[in-house]
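The structure appears below as structure tokens.
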Amino acid sequence: MTDAQQRFLLIINGKSAGNPALREAVEEQRKAGMLITVRSTWEGGDAALFAEEAADAGITHVVACGGDGTVNEVVNGLMRVAHDRRPALGIVPLGSANDFATSAGLPLEPGPALAATMTLTSYPIDVVRVTAEESDKSSTQYYVNMTTGGFGAEITSSTPKTLKRMLGGGAYSVMGALKAWGHRSYRGTLHWGDQEQNVSLLLLALGNGRQSGGGQVLAPRAKLDDGRLDVLLVKDFSSVKELPTLMNELQSFPSDGEYVRYFTTSQFTVTTQRDDPAWPLTLDGEACQYDRFCAEVVPLALRVLLPEGCTLLSTNDRH
């Protein structure tokens, strides 16, 4: 495809619509001859709708301008479009965490980020489909980075952003120590491959990407294009004395440690224990609660603009 054929739609989170650096970057790219349309969201669901409509408008690249939640909503809109008509996804990070963009090595400032979307190559990556049940309702959602469940989801949604910035990746361990005697167990049944296990967990992470919660690496070996979910299970503990062992295992991610288990699969199902509350989850930072859910990889479903040599792509492995 030649540059003359490329048409870009920028979907901007309404909270960031007045960002002066982004406005300047858009003007600069237009002056350079790039065909850019801009749409700003007003309410939930707008970003997905704009992305879904983009193909019919002749758009070749949809650029999500916002945080991980905006990226997630745009991805869900693009997944409603037939694969052979689906525009490529670009990202201009404007959120507080920007976990996906950071781990992918994308520029984090509006000007360089937008300039990059005009020149980067698009690579096919996996998307994760989550089919979920809550009470009598069922739903289907998609994500490209990570789902966290249990205590990890509570921290992501409840830890003040100022504290997250101060603590960085240490927010999980510090909050774990603070809440050690107040947290509840997340009990349920897990299914993957030919495995079934009844568990009492502190944390669950299902990674397509590597980090969540503003920089916490929970799936260090994840690749975006390998057809696999990287699963992190952190078993519950009964005493603060056990925290050092747990935290040490979170540095090494053993396949079957005393508290930590890390493995890969293409499909993973969680059923909450009967009469227990639904598990709190975050899908790419978006909070929800489900009684039962199944996460499965949709291989190479979406083309994303990524840096050359991106370490999240298995094609760039040097091993």
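Residue numbering restarts at 1 for every chain of the structure tokens, chains are lettered A, B, ... in their displayed order, and ligands are numbered from 1 as they appear.
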
Write out as a compact mmCIF listing (two decimals) with N, CA, C and O atoms, in the first residue's frame all residues of region 84-164 of chain A that DSSP puts in helix (DSSP H, G or I) for this structure's backbone.
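And here is the file that came out, out05.txt:
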```txt
# COMPACT_ATOMS: atom_id res chain seq x y z
N ASP A 84 -10.69 -9.56 6.81
CA ASP A 84 -10.05 -9.07 5.59
C ASP A 84 -10.32 -7.59 5.34
O ASP A 84 -9.75 -7.00 4.42
N ARG A 85 -11.19 -6.97 6.14
CA ARG A 85 -11.48 -5.55 6.01
C ARG A 85 -11.02 -4.75 7.22
O ARG A 85 -11.19 -3.54 7.27
N ASP A 99 0.23 0.62 29.76
CA ASP A 99 1.02 -0.60 29.91
C ASP A 99 1.36 -1.26 28.58
O ASP A 99 2.49 -1.71 28.37
N PHE A 100 0.38 -1.33 27.67
CA PHE A 100 0.64 -2.01 26.40
C PHE A 100 1.68 -1.24 25.58
O PHE A 100 2.64 -1.82 25.09
N ALA A 101 1.49 0.07 25.45
CA ALA A 101 2.42 0.88 24.66
C ALA A 101 3.83 0.83 25.24
O ALA A 101 4.82 0.73 24.51
N THR A 102 3.92 0.90 26.57
CA THR A 102 5.23 0.88 27.22
C THR A 102 5.96 -0.43 26.97
O THR A 102 7.14 -0.44 26.58
N SER A 103 5.28 -1.54 27.17
CA SER A 103 5.95 -2.83 27.00
C SER A 103 6.27 -3.12 25.54
O SER A 103 7.22 -3.85 25.24
N ALA A 104 5.50 -2.52 24.61
CA ALA A 104 5.76 -2.72 23.18
C ALA A 104 6.88 -1.83 22.67
O ALA A 104 7.35 -2.01 21.55
N PRO A 110 2.94 12.47 22.71
CA PRO A 110 2.00 12.56 21.58
C PRO A 110 2.66 12.81 20.23
O PRO A 110 2.32 12.14 19.25
N GLY A 111 3.60 13.77 20.16
CA GLY A 111 4.22 14.08 18.87
C GLY A 111 4.96 12.91 18.27
O GLY A 111 4.64 12.46 17.15
N PRO A 112 5.96 12.35 18.97
CA PRO A 112 6.68 11.19 18.44
C PRO A 112 5.77 9.98 18.23
O PRO A 112 5.96 9.21 17.27
N ALA A 113 4.77 9.79 19.10
CA ALA A 113 3.88 8.64 18.96
C ALA A 113 3.07 8.74 17.68
O ALA A 113 2.91 7.75 16.94
N LEU A 114 2.52 9.92 17.39
CA LEU A 114 1.74 10.08 16.17
C LEU A 114 2.63 9.97 14.94
O LEU A 114 2.25 9.33 13.95
N ALA A 115 3.80 10.56 15.00
CA ALA A 115 4.74 10.45 13.88
C ALA A 115 5.07 8.99 13.60
O ALA A 115 5.17 8.56 12.44
N ALA A 116 5.22 8.20 14.67
CA ALA A 116 5.54 6.79 14.51
C ALA A 116 4.42 6.04 13.80
O ALA A 116 4.68 5.16 12.97
N THR A 117 3.16 6.37 14.11
CA THR A 117 2.05 5.66 13.47
C THR A 117 2.04 5.90 11.96
O THR A 117 1.46 5.10 11.22
N MET A 118 2.66 6.97 11.52
CA MET A 118 2.68 7.26 10.08
C MET A 118 3.75 6.46 9.34
O MET A 118 3.72 6.37 8.12
N THR A 119 4.70 5.88 10.09
CA THR A 119 5.83 5.22 9.44
C THR A 119 6.03 3.76 9.85
O THR A 119 6.66 3.00 9.12
N PHE A 151 -7.14 -10.35 43.75
CA PHE A 151 -6.55 -9.24 44.47
C PHE A 151 -5.85 -8.26 43.53
O PHE A 151 -5.88 -7.05 43.73
N GLY A 152 -5.24 -8.79 42.46
CA GLY A 152 -4.57 -7.92 41.50
C GLY A 152 -5.54 -6.95 40.85
O GLY A 152 -5.22 -5.78 40.64
N ALA A 153 -6.74 -7.41 40.55
CA ALA A 153 -7.75 -6.54 39.97
C ALA A 153 -8.21 -5.49 40.97
O ALA A 153 -8.47 -4.34 40.63
N GLU A 154 -8.30 -5.88 42.24
CA GLU A 154 -8.69 -4.92 43.28
C GLU A 154 -7.66 -3.81 43.40
O GLU A 154 -8.00 -2.64 43.53
N ILE A 155 -6.38 -4.19 43.35
CA ILE A 155 -5.34 -3.18 43.48
C ILE A 155 -5.36 -2.25 42.28
O ILE A 155 -5.27 -1.04 42.40
N THR A 156 -5.50 -2.83 41.07
CA THR A 156 -5.51 -2.01 39.87
C THR A 156 -6.61 -0.97 39.93
O THR A 156 -6.43 0.17 39.52
N SER A 157 -7.77 -1.35 40.46
CA SER A 157 -8.91 -0.44 40.47
C SER A 157 -8.97 0.43 41.71
O SER A 157 -9.58 1.49 41.69
N SER A 158 -8.33 0.00 42.83
CA SER A 158 -8.51 0.72 44.08
C SER A 158 -7.29 1.49 44.56
O SER A 158 -7.42 2.44 45.32
N LYS A 161 -3.95 6.54 42.17
CA LYS A 161 -2.96 6.71 41.11
C LYS A 161 -1.68 7.36 41.63
O LYS A 161 -0.58 7.05 41.18
N THR A 162 -1.81 8.28 42.57
CA THR A 162 -0.63 8.93 43.13
C THR A 162 0.26 7.91 43.82
O THR A 162 1.49 7.92 43.66
N LEU A 163 -0.36 6.98 44.56
CA LEU A 163 0.40 5.95 45.25
C LEU A 163 1.05 5.01 44.24
O LEU A 163 2.20 4.61 44.40
N LYS A 164 0.31 4.68 43.16
CA LYS A 164 0.88 3.82 42.12
C LYS A 164 2.14 4.44 41.54
O LYS A 164 3.15 3.77 41.33
```

Excluding region 270-286 of chain A and any residue of its chain fewer than 6 positions from it, enumerate the residues within 7 Å of it, using only C-alpha atoms, and give them as an mmCIF file with N, CA, C and O atoms, in the first residue's frame.
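Output contents, as saved in part.cif:
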```cif
data_model
loop_
_atom_site.group_PDB
_atom_site.id
_atom_site.type_symbol
_atom_site.label_atom_id
_atom_site.label_comp_id
_atom_site.auth_asym_id
_atom_site.auth_seq_id
_atom_site.Cartn_x
_atom_site.Cartn_y
_atom_site.Cartn_z
ATOM 1 N N ASP A 68 -4.920 2.621 28.255
ATOM 2 C CA ASP A 68 -5.178 1.218 27.933
ATOM 3 C C ASP A 68 -6.671 0.953 27.731
ATOM 4 O O ASP A 68 -7.055 0.116 26.910
ATOM 5 N N GLY A 69 -7.532 1.661 28.469
ATOM 6 C CA GLY A 69 -8.963 1.470 28.307
ATOM 7 C C GLY A 69 -9.452 1.903 26.946
ATOM 8 O O GLY A 69 -10.314 1.254 26.338
ATOM 9 N N ASN A 72 -8.388 -0.680 24.484
ATOM 10 C CA ASN A 72 -9.249 -1.845 24.612
ATOM 11 C C ASN A 72 -10.574 -1.644 23.886
ATOM 12 O O ASN A 72 -11.052 -2.546 23.174
ATOM 13 N N TYR A 143 -9.370 -8.482 24.336
ATOM 14 C CA TYR A 143 -8.289 -7.645 24.835
ATOM 15 C C TYR A 143 -6.974 -8.044 24.174
ATOM 16 O O TYR A 143 -6.845 -9.159 23.636
ATOM 17 N N ASN A 145 -3.795 -6.945 25.812
ATOM 18 C CA ASN A 145 -2.692 -6.887 26.770
ATOM 19 C C ASN A 145 -2.835 -7.917 27.877
ATOM 20 O O ASN A 145 -2.171 -8.946 27.856
ATOM 21 N N MET A 146 -3.705 -7.669 28.857
ATOM 22 C CA MET A 146 -3.762 -8.570 30.002
ATOM 23 C C MET A 146 -5.085 -8.462 30.747
ATOM 24 O O MET A 146 -5.675 -7.383 30.844
ATOM 25 N N THR A 147 -5.515 -9.611 31.263
ATOM 26 C CA THR A 147 -6.590 -9.655 32.249
ATOM 27 C C THR A 147 -5.982 -10.043 33.592
ATOM 28 O O THR A 147 -5.183 -10.980 33.669
ATOM 29 N N THR A 148 -6.338 -9.295 34.642
ATOM 30 C CA THR A 148 -5.947 -9.685 35.989
ATOM 31 C C THR A 148 -7.210 -9.958 36.785
ATOM 32 O O THR A 148 -8.251 -9.341 36.559
ATOM 33 N N GLY A 149 -7.119 -10.898 37.699
ATOM 34 C CA GLY A 149 -8.274 -11.270 38.497
ATOM 35 C C GLY A 149 -7.912 -11.411 39.957
ATOM 36 O O GLY A 149 -6.748 -11.633 40.320
ATOM 37 N N GLY A 150 -8.915 -11.284 40.825
ATOM 38 C CA GLY A 150 -8.700 -11.411 42.252
ATOM 39 C C GLY A 150 -8.094 -10.157 42.843
ATOM 40 O O GLY A 150 -8.440 -9.032 42.481
ATOM 41 N N ALA A 153 -6.744 -7.412 40.554
ATOM 42 C CA ALA A 153 -7.754 -6.535 39.970
ATOM 43 C C ALA A 153 -8.211 -5.493 40.973
ATOM 44 O O ALA A 153 -8.468 -4.341 40.628
ATOM 45 N N GLU A 154 -8.303 -5.879 42.239
ATOM 46 C CA GLU A 154 -8.692 -4.923 43.276
ATOM 47 C C GLU A 154 -7.658 -3.815 43.400
ATOM 48 O O GLU A 154 -8.001 -2.638 43.528
ATOM 49 N N TYR A 186 -9.940 -15.953 46.579
ATOM 50 C CA TYR A 186 -10.737 -16.073 45.360
ATOM 51 C C TYR A 186 -10.743 -17.551 44.995
ATOM 52 O O TYR A 186 -9.753 -18.088 44.513
ATOM 53 N N ARG A 187 -11.875 -18.175 45.286
ATOM 54 C CA ARG A 187 -11.977 -19.624 45.139
ATOM 55 C C ARG A 187 -12.757 -19.976 43.879
ATOM 56 O O ARG A 187 -13.714 -19.299 43.496
ATOM 57 N N GLY A 188 -12.307 -21.059 43.241
ATOM 58 C CA GLY A 188 -13.007 -21.498 42.051
ATOM 59 C C GLY A 188 -12.327 -22.693 41.424
ATOM 60 O O GLY A 188 -11.383 -23.276 41.981
ATOM 61 N N THR A 189 -12.797 -23.048 40.228
ATOM 62 C CA THR A 189 -12.253 -24.176 39.474
ATOM 63 C C THR A 189 -11.662 -23.655 38.176
ATOM 64 O O THR A 189 -12.311 -22.891 37.455
ATOM 65 N N LEU A 190 -10.436 -24.076 37.897
ATOM 66 C CA LEU A 190 -9.737 -23.670 36.681
ATOM 67 C C LEU A 190 -9.684 -24.841 35.707
ATOM 68 O O LEU A 190 -9.456 -25.983 36.111
ATOM 69 N N HIS A 191 -9.861 -24.524 34.433
ATOM 70 C CA HIS A 191 -9.744 -25.541 33.365
ATOM 71 C C HIS A 191 -8.779 -25.021 32.303
ATOM 72 O O HIS A 191 -8.906 -23.872 31.862
ATOM 73 N N ARG A 292 -18.287 -16.712 35.847
ATOM 74 C CA ARG A 292 -17.596 -17.705 35.039
ATOM 75 C C ARG A 292 -17.094 -17.016 33.776
ATOM 76 O O ARG A 292 -17.801 -16.197 33.196
ATOM 77 N N PHE A 293 -15.883 -17.337 33.361
ATOM 78 C CA PHE A 293 -15.382 -16.742 32.129
ATOM 79 C C PHE A 293 -14.362 -17.668 31.476
ATOM 80 O O PHE A 293 -13.703 -18.473 32.136
ATOM 81 N N CYS A 294 -14.272 -17.543 30.167
ATOM 82 C CA CYS A 294 -13.325 -18.331 29.375
ATOM 83 C C CYS A 294 -12.522 -17.376 28.506
ATOM 84 O O CYS A 294 -13.091 -16.570 27.770
#
```

| task | Go ahead and compute the interatomic distance for CA of Ala97 (chain A) and CA of Ile12 (chain A), in Å to one decimal. | result |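 Distance between the two atoms: 16.2 Å.
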
| strand (DSSP E) positions in region 12-242 of chain A, given as a ChimeraX atom specification | /A:12,35-40,61-66,88-93,121-134,137-143,146-150,186-192,195-207,211-212,216-217,229-235

With C-alpha atoms retained, export the selected residues as a compact mmCIF listing (two decimals), in the first residue's frame.
```
# COMPACT_ATOMS: atom_id res chain seq x y z
CA ILE A 12 -9.36 10.39 21.00
CA LEU A 35 -4.83 12.07 5.49
CA ILE A 36 -6.05 12.26 9.09
CA THR A 37 -9.60 12.33 10.43
CA VAL A 38 -10.15 12.98 14.14
CA ARG A 39 -13.11 11.83 16.25
CA SER A 40 -13.48 12.42 19.98
CA HIS A 61 -5.39 2.75 10.09
CA VAL A 62 -7.32 3.41 13.32
CA VAL A 63 -5.22 5.17 15.97
CA ALA A 64 -6.35 4.90 19.59
CA CYS A 65 -5.40 8.11 21.43
CA GLY A 66 -5.79 7.51 25.15
CA ALA A 88 -4.59 -1.72 11.35
CA LEU A 89 -4.32 -0.37 14.90
CA GLY A 90 -2.00 2.42 15.98
CA ILE A 91 -1.55 3.84 19.49
CA VAL A 92 -0.85 7.32 20.82
CA PRO A 93 -0.58 6.84 24.62
CA THR A 121 5.06 -1.39 9.94
CA SER A 122 1.97 -3.27 11.07
CA TYR A 123 2.44 -6.78 12.45
CA PRO A 124 -0.27 -9.41 13.02
CA ILE A 125 -0.83 -10.14 16.71
CA ASP A 126 -3.12 -12.39 18.71
CA VAL A 127 -6.26 -11.05 20.37
CA VAL A 128 -7.84 -12.72 23.40
CA ARG A 129 -11.58 -13.37 23.42
CA VAL A 130 -13.28 -13.44 26.83
CA THR A 131 -16.69 -15.09 26.99
CA ALA A 132 -18.20 -14.40 30.39
CA GLU A 133 -21.26 -15.01 32.55
CA GLU A 134 -22.49 -12.76 35.33
CA LYS A 137 -26.15 -12.39 31.56
CA SER A 138 -23.45 -13.41 29.11
CA SER A 139 -21.04 -11.24 27.15
CA THR A 140 -18.07 -11.38 24.80
CA GLN A 141 -15.13 -9.00 24.99
CA TYR A 142 -11.63 -8.84 23.54
CA TYR A 143 -8.29 -7.65 24.84
CA MET A 146 -3.76 -8.57 30.00
CA THR A 147 -6.59 -9.65 32.25
CA THR A 148 -5.95 -9.69 35.99
CA GLY A 149 -8.27 -11.27 38.50
CA GLY A 150 -8.70 -11.41 42.25
CA TYR A 186 -10.74 -16.07 45.36
CA ARG A 187 -11.98 -19.62 45.14
CA GLY A 188 -13.01 -21.50 42.05
CA THR A 189 -12.25 -24.18 39.47
CA LEU A 190 -9.74 -23.67 36.68
CA HIS A 191 -9.74 -25.54 33.36
CA TRP A 192 -6.99 -25.51 30.73
CA GLN A 195 -6.13 -29.93 33.39
CA GLU A 196 -8.70 -29.10 36.08
CA GLN A 197 -7.80 -27.61 39.44
CA ASN A 198 -9.73 -26.27 42.42
CA VAL A 199 -7.93 -23.24 43.78
CA SER A 200 -7.87 -20.53 46.41
CA LEU A 201 -5.99 -17.65 44.77
CA LEU A 202 -4.63 -14.27 45.67
CA LEU A 203 -4.00 -13.25 42.06
CA LEU A 204 -4.65 -14.45 38.51
CA ALA A 205 -3.10 -12.93 35.39
CA LEU A 206 -3.77 -13.94 31.78
CA GLY A 207 -1.22 -12.20 29.61
CA GLN A 211 2.59 -5.87 32.21
CA SER A 212 -0.45 -4.42 33.95
CA GLN A 216 3.82 -4.53 37.15
CA VAL A 217 5.32 -7.31 35.01
CA LEU A 229 -1.80 -17.06 26.90
CA ASP A 230 0.79 -16.69 29.65
CA VAL A 231 -0.94 -17.66 32.90
CA LEU A 232 0.20 -16.53 36.34
CA LEU A 233 -1.44 -18.08 39.41
CA VAL A 234 -0.56 -16.76 42.86
CA LYS A 235 -1.90 -18.98 45.61
```

| Restricting the calculation to only C-alpha atoms, which member of A:Asp46, A:Asp225, A:Glu242, A:Glu53 is positioned closest to Asn316 (chain A)? |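 Closest residue, counting only C-alpha atoms: A:Asp225.
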
| field | Residue among A:Ala25, A:Asp291, A:Arg261, A:Leu302 lying closest to Asn76 (chain A), counting only C-alpha atoms | value | A:Leu302

| task | Using only C-alpha atoms, pick whichever of A:Ser239, A:Ser16, A:Gly213, A:Ala301 has the shortest atom-to-atom distance to Val81 (chain A). | result |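 The shortest atom-to-atom distance to Val81 (chain A) comes from A:Ala301.
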
| task | Could you jot down the CA of Asp317 (chain A) to CA of Val144 (chain A) separation for me, Å, one decimal place? | result |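 Distance between the two atoms: 19.8 Å.
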
| said: As an exercise, work out the distance from CA of Asn98 (chain A) to CA of Glu73 (chain A) in Å and give it to one decimal place. | reply: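 For CA of Asn98 (chain A) relative to CA of Glu73 (chain A), the distance reads 14.0 Å.
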
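Across A:Cys310, A:Leu10, A:Leu106, A:Leu218, the tightest approach to Ile59 (chain A) is made by A:Leu10 when counting only C-alpha atoms.
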
| message | With only C-alpha atoms as the counted atoms, please give the residues lying no more than 10 Å from Met34 (chain A), apart from itself and same-chain residues fewer than 2 positions off, as a PyMOL selection string. | response | chain A and resi 3-8+26-32+36-37+118

Just the selected residues (N, CA, C and O atoms), exported as a compact mmCIF listing (two decimals), in the first residue's frame, please.
```txt
# COMPACT_ATOMS: atom_id res chain seq x y z
N ASP A 3 1.69 5.38 0.46
CA ASP A 3 1.28 6.38 1.45
C ASP A 3 0.03 7.11 1.00
O ASP A 3 -0.80 7.51 1.81
N ALA A 4 -0.10 7.31 -0.32
CA ALA A 4 -1.25 8.05 -0.84
C ALA A 4 -2.56 7.33 -0.59
O ALA A 4 -3.62 7.95 -0.56
N GLN A 5 -2.48 6.02 -0.40
CA GLN A 5 -3.69 5.23 -0.17
C GLN A 5 -4.04 5.12 1.31
O GLN A 5 -5.11 4.65 1.66
N GLN A 6 -3.15 5.55 2.18
CA GLN A 6 -3.37 5.39 3.60
C GLN A 6 -4.24 6.51 4.15
O GLN A 6 -4.01 7.69 3.88
N ARG A 7 -5.24 6.12 4.93
CA ARG A 7 -6.12 7.08 5.59
C ARG A 7 -6.21 6.73 7.07
O ARG A 7 -6.52 5.59 7.42
N PHE A 8 -5.95 7.71 7.91
CA PHE A 8 -5.86 7.49 9.35
C PHE A 8 -7.06 8.11 10.07
O PHE A 8 -7.44 9.25 9.80
N VAL A 26 -1.03 16.60 15.14
CA VAL A 26 -1.98 16.36 14.04
C VAL A 26 -1.79 17.39 12.94
O VAL A 26 -1.74 17.07 11.74
N GLU A 27 -1.67 18.65 13.32
CA GLU A 27 -1.49 19.72 12.33
C GLU A 27 -0.21 19.51 11.53
O GLU A 27 -0.18 19.68 10.30
N GLU A 28 0.85 19.11 12.24
CA GLU A 28 2.14 18.88 11.56
C GLU A 28 2.04 17.76 10.54
O GLU A 28 2.56 17.86 9.42
N GLN A 29 1.38 16.66 10.92
CA GLN A 29 1.26 15.53 10.01
C GLN A 29 0.35 15.86 8.81
O GLN A 29 0.60 15.41 7.69
N ARG A 30 -0.68 16.63 9.05
CA ARG A 30 -1.54 17.05 7.94
C ARG A 30 -0.77 17.92 6.95
O ARG A 30 -0.94 17.78 5.73
N LYS A 31 0.05 18.82 7.47
CA LYS A 31 0.86 19.66 6.59
C LYS A 31 1.83 18.83 5.77
O LYS A 31 2.20 19.21 4.66
N ALA A 32 2.23 17.68 6.33
CA ALA A 32 3.14 16.78 5.61
C ALA A 32 2.40 15.93 4.58
O ALA A 32 3.02 15.13 3.88
N ILE A 36 -5.69 12.56 7.71
CA ILE A 36 -6.05 12.26 9.09
C ILE A 36 -7.43 12.83 9.41
O ILE A 36 -7.69 14.02 9.22
N THR A 37 -8.30 11.94 9.89
CA THR A 37 -9.60 12.33 10.43
C THR A 37 -9.55 12.14 11.94
O THR A 37 -8.95 11.18 12.42
N MET A 118 2.66 6.97 11.52
CA MET A 118 2.68 7.26 10.08
C MET A 118 3.75 6.46 9.34
O MET A 118 3.72 6.37 8.12
```
